[in-house]
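Structure data (TSV, C-alpha atoms) from input_20.tsv:
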chain	number	residue	atom	x	y	z
A	1	MET	CA	25.03	3.01	-6.67
A	2	LYS	CA	24.45	-0.38	-8.27
A	3	LYS	CA	24.77	-3.59	-6.27
A	4	SER	CA	26.27	-6.71	-7.83
A	5	ILE	CA	24.01	-9.75	-7.50
A	6	GLY	CA	26.28	-12.13	-9.42
A	7	ALA	CA	25.93	-13.90	-12.73
A	8	GLY	CA	22.44	-15.06	-13.57
A	9	THR	CA	19.74	-15.47	-16.18
A	10	ILE	CA	18.04	-12.12	-15.72
A	11	LEU	CA	17.02	-10.28	-18.86
A	12	TYR	CA	13.80	-8.38	-19.37
A	13	PRO	CA	11.44	-9.18	-20.93
A	14	ASN	CA	11.52	-12.95	-21.45
A	15	PRO	CA	8.76	-13.91	-23.88
A	16	VAL	CA	6.54	-16.85	-23.05
A	17	LEU	CA	6.84	-19.19	-26.03
A	18	ILE	CA	4.90	-22.42	-26.46
A	19	VAL	CA	7.04	-24.79	-28.54
A	20	GLY	CA	5.16	-27.44	-30.49
A	21	SER	CA	6.71	-30.70	-31.66
A	22	TYR	CA	5.83	-34.28	-32.55
A	23	ASP	CA	7.41	-37.29	-30.87
A	24	SER	CA	8.58	-40.36	-32.79
A	25	GLN	CA	5.05	-41.84	-32.71
A	26	GLY	CA	3.49	-38.63	-34.04
A	27	LYS	CA	1.98	-37.50	-30.72
A	28	ALA	CA	1.64	-33.72	-30.49
A	29	ASN	CA	3.43	-32.02	-27.60
A	30	ALA	CA	3.70	-28.44	-26.37
A	31	MET	CA	6.29	-27.04	-23.96
A	32	THR	CA	6.68	-23.59	-22.45
A	33	VAL	CA	10.03	-21.91	-23.10
A	34	ALA	CA	11.23	-18.55	-21.81
A	35	TRP	CA	14.76	-18.71	-23.21
A	36	GLY	CA	14.14	-17.54	-26.74
A	37	GLY	CA	13.88	-14.72	-29.23
A	38	ILE	CA	14.54	-13.52	-32.74
A	39	ALA	CA	17.99	-14.62	-33.98
A	40	SER	CA	18.15	-13.17	-37.51
A	41	SER	CA	16.13	-11.02	-39.86
A	42	ASN	CA	17.47	-12.66	-43.02
A	43	PRO	CA	16.68	-15.47	-43.07
A	44	PRO	CA	13.93	-14.73	-40.55
A	45	SER	CA	14.93	-16.94	-37.62
A	46	VAL	CA	14.17	-17.57	-33.98
A	47	ALA	CA	16.30	-19.26	-31.31
A	48	ILE	CA	15.10	-21.27	-28.34
A	49	SER	CA	17.17	-22.95	-25.66
A	50	LEU	CA	16.12	-26.24	-24.03
A	51	ARG	CA	17.68	-28.63	-21.57
A	52	LYS	CA	18.56	-32.03	-23.05
A	53	ALA	CA	16.37	-33.72	-20.46
A	54	THR	CA	13.19	-32.27	-21.96
A	55	TYR	CA	10.90	-34.34	-24.14
A	56	THR	CA	10.79	-31.53	-26.69
A	57	HIS	CA	14.59	-31.56	-27.11
A	58	GLY	CA	14.49	-35.08	-28.55
A	59	ASN	CA	11.43	-34.32	-30.66
A	60	ILE	CA	13.02	-31.31	-32.37
A	61	THR	CA	16.29	-33.16	-32.88
A	62	LYS	CA	14.48	-36.02	-34.65
A	63	ARG	CA	11.85	-34.06	-36.60
A	64	LYS	CA	14.02	-31.03	-37.54
A	65	ALA	CA	11.10	-28.66	-37.00
A	66	PHE	CA	9.11	-26.86	-34.33
A	67	THR	CA	6.42	-24.23	-33.97
A	68	ILE	CA	6.08	-21.38	-31.54
A	69	SER	CA	2.61	-20.43	-30.38
A	70	ILE	CA	2.22	-17.12	-28.56
A	71	PRO	CA	-0.59	-17.17	-25.97
A	72	SER	CA	-2.56	-14.14	-24.79
A	73	GLU	CA	-2.59	-12.95	-21.17
A	74	SER	CA	-5.96	-14.69	-20.68
A	75	GLN	CA	-4.27	-18.01	-21.57
A	76	ALA	CA	-1.46	-17.78	-18.99
A	77	LYS	CA	-2.69	-20.79	-17.00
A	78	TYR	CA	-2.32	-23.01	-20.10
A	79	ALA	CA	1.18	-21.72	-20.74
A	80	ASP	CA	2.13	-22.38	-17.14
A	81	TYR	CA	0.72	-25.92	-17.32
A	82	PHE	CA	2.68	-26.64	-20.53
A	83	GLY	CA	5.83	-25.75	-18.57
A	84	ILE	CA	4.99	-27.75	-15.45
A	85	LYS	CA	4.20	-31.14	-17.00
A	86	SER	CA	6.19	-33.37	-19.35
A	87	GLY	CA	4.78	-34.75	-22.57
A	88	ARG	CA	6.49	-38.03	-21.70
A	89	ASN	CA	3.92	-38.56	-18.97
A	90	GLU	CA	0.81	-36.69	-20.14
A	91	ASP	CA	-1.03	-35.73	-23.29
A	92	LYS	CA	-1.05	-32.01	-22.55
A	93	PHE	CA	-3.52	-31.25	-25.34
A	94	ALA	CA	-6.02	-33.80	-24.01
A	95	VAL	CA	-5.70	-32.48	-20.44
A	96	THR	CA	-6.10	-28.80	-21.39
A	97	GLY	CA	-8.71	-29.29	-24.09
A	98	LEU	CA	-6.61	-27.18	-26.46
A	99	THR	CA	-6.31	-28.19	-30.11
A	100	PRO	CA	-3.09	-29.31	-31.81
A	101	VAL	CA	-3.05	-28.33	-35.49
A	102	LYS	CA	-0.63	-30.00	-37.90
A	103	SER	CA	1.40	-27.40	-39.73
A	104	GLU	CA	1.12	-27.66	-43.50
A	105	ILE	CA	4.66	-26.26	-43.79
A	106	VAL	CA	6.82	-27.96	-41.12
A	107	ASP	CA	6.66	-31.28	-39.26
A	108	ALA	CA	5.26	-29.89	-36.01
A	109	PRO	CA	1.92	-28.92	-34.44
A	110	TYR	CA	0.78	-25.54	-33.14
A	111	VAL	CA	-1.91	-24.53	-30.64
A	112	GLN	CA	-5.06	-23.49	-32.52
A	113	GLU	CA	-6.42	-21.33	-29.69
A	114	PHE	CA	-3.29	-19.15	-29.37
A	115	PRO	CA	-3.37	-16.06	-31.59
A	116	LEU	CA	0.14	-15.92	-33.10
A	117	ILE	CA	2.10	-18.83	-34.59
A	118	LEU	CA	5.64	-19.19	-35.99
A	119	GLU	CA	6.33	-22.29	-38.09
A	120	CYS	CA	10.04	-23.13	-38.06
A	121	ARG	CA	12.41	-25.41	-39.92
A	122	LEU	CA	15.48	-26.34	-37.86
A	123	LEU	CA	18.62	-24.58	-39.16
A	124	HIS	CA	21.24	-24.99	-36.42
A	125	ILE	CA	21.86	-26.71	-33.11
A	126	PHE	CA	24.38	-25.27	-30.64
A	127	GLU	CA	25.40	-26.93	-27.37
A	128	LEU	CA	25.63	-24.30	-24.63
A	129	GLY	CA	26.40	-25.95	-21.29
A	130	LEU	CA	23.17	-27.10	-19.65
A	131	HIS	CA	21.09	-26.00	-22.65
A	132	THR	CA	20.94	-26.67	-26.36
A	133	GLN	CA	20.06	-23.76	-28.57
A	134	PHE	CA	17.86	-24.57	-31.56
A	135	VAL	CA	17.74	-21.97	-34.33
A	136	GLY	CA	14.77	-22.29	-36.63
A	137	GLU	CA	14.05	-20.48	-39.86
A	138	ILE	CA	10.59	-18.96	-39.68
A	139	MET	CA	8.82	-20.40	-42.70
A	140	ASP	CA	5.46	-18.74	-41.98
A	141	VAL	CA	3.70	-16.59	-39.40
A	142	LYS	CA	0.01	-17.15	-38.78
A	143	VAL	CA	-2.19	-14.66	-36.90
A	144	ASP	CA	-5.86	-14.80	-35.96
A	145	GLU	CA	-7.54	-12.30	-38.28
A	146	ASP	CA	-9.18	-10.43	-35.41
A	147	MET	CA	-5.70	-9.84	-33.94
A	148	LEU	CA	-4.49	-7.79	-36.92
A	149	ASP	CA	-4.35	-4.01	-37.06
A	150	GLU	CA	-5.88	-1.94	-39.85
A	151	GLY	CA	-2.71	-2.39	-41.92
A	152	GLY	CA	-2.84	-6.21	-41.68
A	153	LYS	CA	0.00	-6.55	-39.15
A	154	PRO	CA	-0.17	-8.28	-35.75
A	155	ASP	CA	-1.50	-5.87	-33.11
A	156	ILE	CA	0.26	-6.32	-29.74
A	157	LYS	CA	-2.66	-4.59	-27.96
A	158	LYS	CA	-5.06	-7.22	-29.30
A	159	ILE	CA	-2.76	-10.25	-28.99
A	160	ARG	CA	-1.72	-9.27	-25.45
A	161	PRO	CA	1.34	-11.54	-25.14
A	162	PHE	CA	2.88	-11.81	-21.71
A	163	PHE	CA	6.33	-12.19	-20.25
A	164	TYR	CA	8.18	-14.26	-17.70
A	165	ASP	CA	10.20	-12.76	-14.82
A	166	HIS	CA	12.82	-15.36	-13.91
A	167	SER	CA	13.98	-13.51	-10.80
A	168	GLY	CA	10.47	-13.44	-9.36
A	169	PHE	CA	9.07	-16.58	-11.05
A	170	SER	CA	6.08	-14.57	-12.26
A	171	TYR	CA	4.22	-13.55	-15.41
A	172	TYR	CA	3.53	-9.96	-16.46
A	173	GLY	CA	1.41	-8.46	-19.21
A	174	ILE	CA	2.36	-5.75	-21.65
A	175	GLY	CA	2.55	-2.15	-20.48
A	176	GLU	CA	1.53	1.13	-22.00
A	177	LEU	CA	2.90	2.54	-25.24
A	178	LEU	CA	6.01	4.62	-24.50
A	179	GLY	CA	6.50	5.97	-28.01
A	180	LYS	CA	7.19	4.98	-31.59
A	181	ALA	CA	10.45	3.11	-32.26
A	182	TYR	CA	13.02	4.90	-34.41
A	183	THR	CA	11.24	8.16	-33.57
A	184	ILE	CA	11.26	9.06	-29.86
A	185	GLY	CA	15.06	9.20	-29.66
A	186	LYS	CA	15.59	11.47	-32.66
A	187	ASP	CA	15.40	14.72	-30.70
A	188	ILE	CA	18.33	13.79	-28.43
A	189	SER	CA	20.95	14.79	-31.00
A	190	GLN	CA	19.13	17.80	-32.40

Would you write out, as structure tokens, the structure that this file holds?
Amino acid sequence: MKKSIGAGTILYPNPVLIVGSYDSQGKANAMTVAWGGIASSNPPSVAISLRKATYTHGNITKRKAFTISIPSESQAKYADYFGIKSGRNEDKFAVTGLTPVKSEIVDAPYVQEFPLILECRLLHIFELGLHTQFVGEIMDVKVDEDMLDEGGKPDIKKIRPFFYDHSGFSYYGIGELLGKAYTIGKDISQ
């Protein structure tokens, strides 16, 4: 029997996304976001949701661009820090020693040390109660070469992204391979 626990923001997994933006003076900022994911395959787009009170909210609204940097499990402490502190009060890149890189495609920085980057041009803004959802068209994906598989695609086992558990306020790494998508379910109807 299932037990009702009420309405809430519980969905698994929640990716840990580091959103890069510039403020009005051109200072690079990075913020951790767990409310996000792919929004469309054509055009390739991603959606993130931020509270209006965040520094990043204003930056994206003004600059019409953002990046998403995906950290590896070994970089979880940096991701956590980017979510704890505000760019209004601290230069997060200076404190962490991580490197902001100016995108050549959009008006936003990304984190050099993180292995997977999405560079996004702002497409839509939706007001959703406490949060604003920003939908960005993915203009380019950058991956560290040593994080690619033999076919030239990002390798999740090498990148080792991690996930946020909102109900337990914890981070978890990736698990074991369960099977190939679009394949393991085929035998059900045969």

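What separates CA of Glu73 (chain A) from CA of Tyr172 (chain A) is a distance of 8.3 Å.
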
Legend entry - Exercise: residues within 8 Å of coordinate (9.4, -29.6, -32.8), counting only C-alpha atoms, as a list in words: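 Answer for this query, in the requested form: Val19, Gly20, Ser21, Tyr22, Thr56, His57, Asn59, Ile60, Thr61, Arg63, Lys64, Ala65, Phe66, Thr67, Asp107, Ala108 and Pro109 of chain A.
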
For the selection you just gave me, I'd like the residues written to a file as a CSV table (one decimal), in the frame of the given file, keeping C-alpha atoms.
chain,number,residue,atom,x,y,z
A,19,VAL,CA,7.0,-24.8,-28.5
A,20,GLY,CA,5.2,-27.4,-30.5
A,21,SER,CA,6.7,-30.7,-31.7
A,22,TYR,CA,5.8,-34.3,-32.6
A,56,THR,CA,10.8,-31.5,-26.7
A,57,HIS,CA,14.6,-31.6,-27.1
A,59,ASN,CA,11.4,-34.3,-30.7
A,60,ILE,CA,13.0,-31.3,-32.4
A,61,THR,CA,16.3,-33.2,-32.9
A,63,ARG,CA,11.8,-34.1,-36.6
A,64,LYS,CA,14.0,-31.0,-37.5
A,65,ALA,CA,11.1,-28.7,-37.0
A,66,PHE,CA,9.1,-26.9,-34.3
A,67,THR,CA,6.4,-24.2,-34.0
A,107,ASP,CA,6.7,-31.3,-39.3
A,108,ALA,CA,5.3,-29.9,-36.0
A,109,PRO,CA,1.9,-28.9,-34.4

Legend entry - Distance in Å - CA of Leu123 (chain A) versus CA of Thr54 (chain A): 19.6 Å

Inset, instruction - Can you work out which one of A:Ile156, A:Ala47, A:Ser69, A:Lys52 has the shortest atom-to-atom distance to His131 (chain A), counting all atoms listed in the file? - result: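 Among the listed residues, the smallest separation from His131 (chain A) belongs to A:Lys52.
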
Inset, instruction - Name the closest residue to Thr32 (chain A) among the candidates A:Gly152, A:Gly83, A:Gly129, A:Gly173; distances are taken between atoms, counting all atoms listed in the file. - result: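 With all atoms listed in the file as the atom set, the closest residue is A:Gly83.
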
Legend entry - Top pick for closest residue to Ile125 (chain A), considering A:Ala79, A:Leu50, A:Met31, A:Leu98 and counting only C-alpha atoms: A:Leu50

Do you know which residues are at most 9 Å from Glu137 (chain A) counting all atoms listed in the file, after dropping those on the same chain fewer than 4 positions away, and could you put them as a PDB file with C-alpha atoms, in the coordinates of the input?
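Output (selection_20.pdb):
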ATOM      1  CA  SER A  40      18.150 -13.170 -37.510  1.00  0.00           C
ATOM      2  CA  PRO A  43      16.680 -15.470 -43.070  1.00  0.00           C
ATOM      3  CA  PRO A  44      13.930 -14.730 -40.550  1.00  0.00           C
ATOM      4  CA  SER A  45      14.930 -16.940 -37.620  1.00  0.00           C
ATOM      5  CA  VAL A  46      14.170 -17.570 -33.980  1.00  0.00           C
ATOM      6  CA  ALA A  47      16.300 -19.260 -31.310  1.00  0.00           C
ATOM      7  CA  GLU A 119       6.330 -22.290 -38.090  1.00  0.00           C
ATOM      8  CA  CYS A 120      10.040 -23.130 -38.060  1.00  0.00           C
ATOM      9  CA  ARG A 121      12.410 -25.410 -39.920  1.00  0.00           C
ATOM     10  CA  LEU A 122      15.480 -26.340 -37.860  1.00  0.00           C
ATOM     11  CA  LEU A 123      18.620 -24.580 -39.160  1.00  0.00           C
TER      12      LEU A 123
END

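Between CA of Ile184 (chain A) and CA of Pro15 (chain A) the separation is 23.9 Å.
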
Inset, instruction - Go through A:Leu178, A:Leu128, A:Tyr164, A:Ile18 and flag the residue nearest Glu113 (chain A), using only C-alpha atoms for the distances. - result: A:Ile18

Legend entry - Residue with smallest distance to His166 (chain A) - pool A:Lys92, A:His124, A:Ala34, A:Thr99, counting all atoms listed in the file: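 Once distances to His166 (chain A) are computed over all atoms listed in the file, the minimum belongs to A:Ala34.
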
Inset, instruction - Taking the point (3.3, -23.0, -18.0) as given in the file, collect each protein or nucleic acid residue that comes within 12 Å of it, counting all atoms listed in the file, and present the set as a ChimeraX atom specification. - result: /A:16-19,30-34,71,75-86,92,96,162-164,169-171

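If you measure from each of A:Ser72, A:Ser103, A:Asn42, A:Thr132 to Lys157 (chain A) using only C-alpha atoms, the closest one turns out to be A:Ser72.
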